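Note sheet for the following structure.
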Amino acid sequence: MRRMGHCAGIIGRVALVLAASAPARASGELGPPLVGARFELRSEGPQVEAREWLAVLEAAWPQYASFFGAAPKLGADERLAVQVHETSEAMNAALERDGVGRIAAGGIYAFKTRKAYFFRQPSAWYTRALLIHECAHQFHARLHGDKDRPGWYAEGVVEHLAQHAWDGTNLQLGIVAPISLEDYPKAALARLDASDFDFAARLADGGFDRPLGMHLVRLLHRRHAADFRAARKKLDAGRPLDPADWARFGRRDKLEAELRAMVAAEQQPFRVGFVDWDARQFEQRDDGPAWSLRGQAQGVVSGAHAARECAWLEFEAAFPERLGRLGAQLDWIATNDHTVLLASRDGVALVQRMTPEGRWTNLLEPRKLPQKDGSTTFGARRLRIERRADEQGAPLAAVLVDGVELLAAPVRNSHFGLAFDSGTVDFTGIRYAPLAPRTDADAKSGSGKAGPKRR
Ligand SMILES: [Zn+2]
């Protein structure tokens, strides 16, 4: 299957279906080709979205070239062709018409037509990730030929590149994705921690799965650049690495330790509470990393939270024209057990907990936001959530709005984050400090800042 540059497994784990924008034309009918400098893209969906995808690909080209160390030579009027379908059925019908045959995957770069095909995925981020993924296969194949390459390498390369952020203008490839439902770094960590994981055996048979293959490529590319360039000549020719090739990267146990350290250090910072979340920006500032995330939800409370417990978390948000309520995630246990702060446009804030019975309960009396420019309406605000402890040492989430303390609510943990109700919101300048891990000394003396667990 990989002979055709296929991507089995790219669909499947994401079962949540979101309301996609209505296609502009009959099902299965592609729009006119949109032509860029390097790519030509046709989509069944809205043209405004197709133009944005084309812009993503044009921004990806120099970053692909930087990773591969070269770019394919195109003819004077030649573009790499990409087709985006709304459904698996429409994509497979197109693949049959083109003589490629049906596939059980979200997308494919087909050697036969030299086109990339894929269909819309459950989230905006993942659809874009698949676009970057399939076109990276296409770029790779046009640069080094249509060849069946070792799976960990072929898929690892494109998955590494597809971890991205896109804010409508700037594209960042090959980063730790700020948020995604798929969470490959978490999956990679689980694989490494599995009792039956055998690094030596995986090196021998090349049987690294996608999340591990991606991190192995990332490790070799960043930390063993010269040796990896040499190894890639063989891999690009379609041959596996043998034990002598692997030995060039140093001792096997040391390489495994490096891989573990990288996967542990490069965990996704935020987790999806409820879809749909898009990674807009990642910025390395002098005082630490900052992210921008966009949430979208129809008629439901939606949230994203820090993967680690926080000492504090802060962000900025402006109340969009069409939105129900806006606020922060104050704790997170499960979709049916978590706490949010949500404020309406006029600035009335409630702390609400979703209970396992599926009901929202108010934890505190409603509060008015502090005045800004003489008004308590939401407008544009900076929110900061700080972890505190009550007299018994149980955790509290203190909410500060534009530096003024609004309230402190009882919480079960400090997986702080972002929350809103019904609409589309950009949360910008998101920063947080992870809670310092409790030391053995803290545990013995009972002086740990985390306080006793209440459940
Ligand atoms: Zn693939």
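Following the order of the structure tokens, chains are lettered A, B, ..., residues in each are numbered from 1, and ligands are numbered from 1.
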Need to verify the contact set: Gly295 in chain A, 6 Å, only C-alpha atoms, exclusion of same-chain residues closer than 6 positions in sequence. Can you return it as a compact mmCIF listing (two decimals) with C-alpha atoms, in the first residue's frame?
# COMPACT_ATOMS: atom_id res chain seq x y z
CA ASP A 276 -13.00 22.05 17.64
CA TRP A 277 -9.60 23.65 18.42
CA THR A 424 -15.69 31.18 17.27
CA VAL A 425 -13.06 32.71 19.58
Please provide the set of residues having any atom within 9 Å of Trp312 in chain A, restricted to only C-alpha atoms, with same-chain residues fewer than 3 positions apart removed, written as an MDAnalysis selection string.
-> chainID A and resid 309 384:387 397 414 416 431:435
Using DSSP on the backbone, list every residue of range 146-392 of chain A that comes out as helix (DSSP H, G or I), and give them as a PyMOL selection string.
-> chain A and resi 151-162+184-193+199-205+210-223+225-236+243-247+252-265
Could those selected residues go to a file with C-alpha atoms, as a CSV table (one decimal), in the first residue's frame?
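Output contents, as saved in result-v1.csv:
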chain,number,residue,atom,x,y,z
A,151,GLY,CA,7.6,3.2,6.5
A,152,TRP,CA,9.0,4.8,9.7
A,153,TYR,CA,11.0,7.1,7.4
A,154,ALA,CA,8.4,7.9,4.7
A,155,GLU,CA,5.6,8.5,7.2
A,156,GLY,CA,7.9,9.9,10.0
A,157,VAL,CA,9.1,12.7,7.7
A,158,VAL,CA,5.7,13.9,6.6
A,159,GLU,CA,4.2,13.5,10.1
A,160,HIS,CA,7.1,15.6,11.5
A,161,LEU,CA,6.4,18.3,9.0
A,162,ALA,CA,2.6,18.1,9.4
A,184,TYR,CA,1.1,12.1,18.7
A,185,PRO,CA,3.5,13.0,21.4
A,186,LYS,CA,1.2,11.5,24.0
A,187,ALA,CA,0.8,8.3,21.9
A,188,ALA,CA,4.6,8.1,21.4
A,189,LEU,CA,5.2,8.3,25.1
A,190,ALA,CA,2.7,5.6,25.7
A,191,ARG,CA,4.4,3.3,23.2
A,192,LEU,CA,7.8,3.9,24.8
A,193,ASP,CA,6.4,3.2,28.2
A,199,PHE,CA,13.9,-0.6,20.7
A,200,ALA,CA,16.4,-3.0,19.3
A,201,ALA,CA,13.7,-5.1,17.6
A,202,ARG,CA,12.1,-2.0,16.1
A,203,LEU,CA,15.5,-0.8,14.7
A,204,ALA,CA,15.9,-4.3,13.1
A,205,ASP,CA,12.5,-4.5,11.5
A,210,ARG,CA,3.6,6.8,13.1
A,211,PRO,CA,4.0,8.7,16.4
A,212,LEU,CA,7.4,7.1,17.1
A,213,GLY,CA,8.6,7.3,13.5
A,214,MET,CA,7.8,11.0,13.6
A,215,HIS,CA,9.9,11.6,16.7
A,216,LEU,CA,12.7,9.4,15.5
A,217,VAL,CA,13.0,11.4,12.3
A,218,ARG,CA,12.8,14.6,14.4
A,219,LEU,CA,15.6,13.4,16.6
A,220,LEU,CA,17.9,12.3,13.8
A,221,HIS,CA,17.2,15.4,11.8
A,222,ARG,CA,18.0,17.8,14.7
A,223,ARG,CA,20.6,16.0,16.7
A,225,ALA,CA,22.1,16.0,11.1
A,226,ALA,CA,25.2,15.0,9.2
A,227,ASP,CA,24.8,11.2,9.8
A,228,PHE,CA,21.1,11.5,9.0
A,229,ARG,CA,21.9,13.2,5.7
A,230,ALA,CA,24.1,10.3,4.8
A,231,ALA,CA,21.6,7.7,5.9
A,232,ARG,CA,18.8,9.5,3.9
A,233,LYS,CA,20.7,8.8,0.6
A,234,LYS,CA,20.0,5.1,1.3
A,235,LEU,CA,16.5,5.6,2.6
A,236,ASP,CA,15.6,7.9,-0.3
A,243,PRO,CA,22.8,-2.4,11.9
A,244,ALA,CA,26.0,-0.7,10.6
A,245,ASP,CA,24.0,2.3,9.4
A,246,TRP,CA,22.2,2.6,12.8
A,247,ALA,CA,25.6,2.3,14.6
A,252,ARG,CA,21.8,1.9,20.8
A,253,ASP,CA,20.9,2.5,24.4
A,254,LYS,CA,22.1,6.1,24.2
A,255,LEU,CA,19.9,6.6,21.0
A,256,GLU,CA,16.9,5.2,22.8
A,257,ALA,CA,17.5,7.4,25.8
A,258,GLU,CA,17.7,10.5,23.5
A,259,LEU,CA,14.4,9.5,21.9
A,260,ARG,CA,12.7,9.1,25.2
A,261,ALA,CA,14.1,12.5,26.4
A,262,MET,CA,12.9,14.2,23.3
A,263,VAL,CA,9.4,12.7,23.4
A,264,ALA,CA,9.1,13.6,27.1
A,265,ALA,CA,10.3,17.1,26.5
List every residue of range 86-174 of chain A that DSSP, applied to the backbone of this structure, places in strand (DSSP E or B), and write the result as a PyMOL selection string.
-> chain A and resi 105-110+115-119+164-166+171-173
Would you kindly return, as a PyMOL selection string, each protein, DNA or RNA residue with an atom no farther than 7 Å from any atom of Val176 in chain A, considering only C-alpha atoms and excluding same-chain residues fewer than 5 positions away?
-> chain A and resi 163+266+268
Atoms kept (C-alpha atoms) for selection, written as a short mmCIF file (atom, residue, chain, number, x, y, z; two decimals), in the first residue's frame:
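selection-v6.cif written:
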data_model
loop_
_atom_site.label_atom_id
_atom_site.label_comp_id
_atom_site.auth_asym_id
_atom_site.auth_seq_id
_atom_site.Cartn_x
_atom_site.Cartn_y
_atom_site.Cartn_z
CA GLN A 163 2.76 19.14 13.10
CA GLU A 266 8.09 17.71 23.40
CA GLN A 268 1.71 18.85 23.38
#
Mind checking which residues fall within 7 Å of range 58-65 of chain A, counting only C-alpha atoms, ignoring those fewer than 5 positions away in the same chain, and posting them as a list in words?
->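 Within the cut-off, the hits are Arg38, Ala70, Ala71, Ala136 and Leu171 of chain A.
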Could you save those same residues with C-alpha atoms as a CSV table (one decimal), in the first residue's frame?
chain,number,residue,atom,x,y,z
A,38,ARG,CA,4.0,25.7,-7.1
A,70,ALA,CA,16.5,20.8,-2.0
A,71,ALA,CA,13.3,21.3,-4.0
A,136,ALA,CA,5.0,16.5,1.7
A,171,LEU,CA,2.8,28.7,8.7
Leaving out Arg381 in chain A and any residue of its chain fewer than 2 positions from it, which residues lie within 8 Å of it when counting only C-alpha atoms, given as a list in words?
->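 My list of contacting residues is Glu316, Ala317, Ala318, Phe378, Gly379, Leu383, Val401 and Asp402 of chain A.
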Could you take the residues named above and write them with C-alpha atoms, as a PDB file, in the first residue's frame?
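To be explicit, this is the file written out as selection08.pdb:
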ATOM      1  CA  GLU A 316      -6.254  37.564  26.127  1.00  0.00           C
ATOM      2  CA  ALA A 317      -9.607  37.300  24.388  1.00  0.00           C
ATOM      3  CA  ALA A 318     -12.009  39.741  22.777  1.00  0.00           C
ATOM      4  CA  PHE A 378     -16.583  41.969  28.363  1.00  0.00           C
ATOM      5  CA  GLY A 379     -15.024  43.737  25.369  1.00  0.00           C
ATOM      6  CA  LEU A 383      -7.678  36.736  32.164  1.00  0.00           C
ATOM      7  CA  VAL A 401      -9.518  40.025  35.071  1.00  0.00           C
ATOM      8  CA  ASP A 402      -7.206  42.774  33.810  1.00  0.00           C
TER       9      ASP A 402
END
Selected residue, from A:Trp53, A:Phe118, A:Phe315, A:Phe68, that lies nearest to ligand 1 when counting only C-alpha atoms and all ligand atoms |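 When distances to ligand 1 are compared using only C-alpha atoms and all ligand atoms, the smallest one comes from A:Phe118.
Near Asp426 in chain A, within 12 Å and counting only C-alpha atoms, sit A:Asp167, A:Trp277, A:Asp278, A:Ala279, A:Arg280, A:Gln281, A:Trp291, A:Ser292, A:Leu293, A:Arg294, A:Gly295, A:Gln296, A:Phe315, A:Glu316, A:Ala317, A:Ala318, A:Phe319, A:Pro320, A:Leu323, A:Leu326, A:Gly327, A:Ala380, A:Leu418, A:Ala419, A:Phe420, not including residues fewer than 5 positions from it in the same chain.
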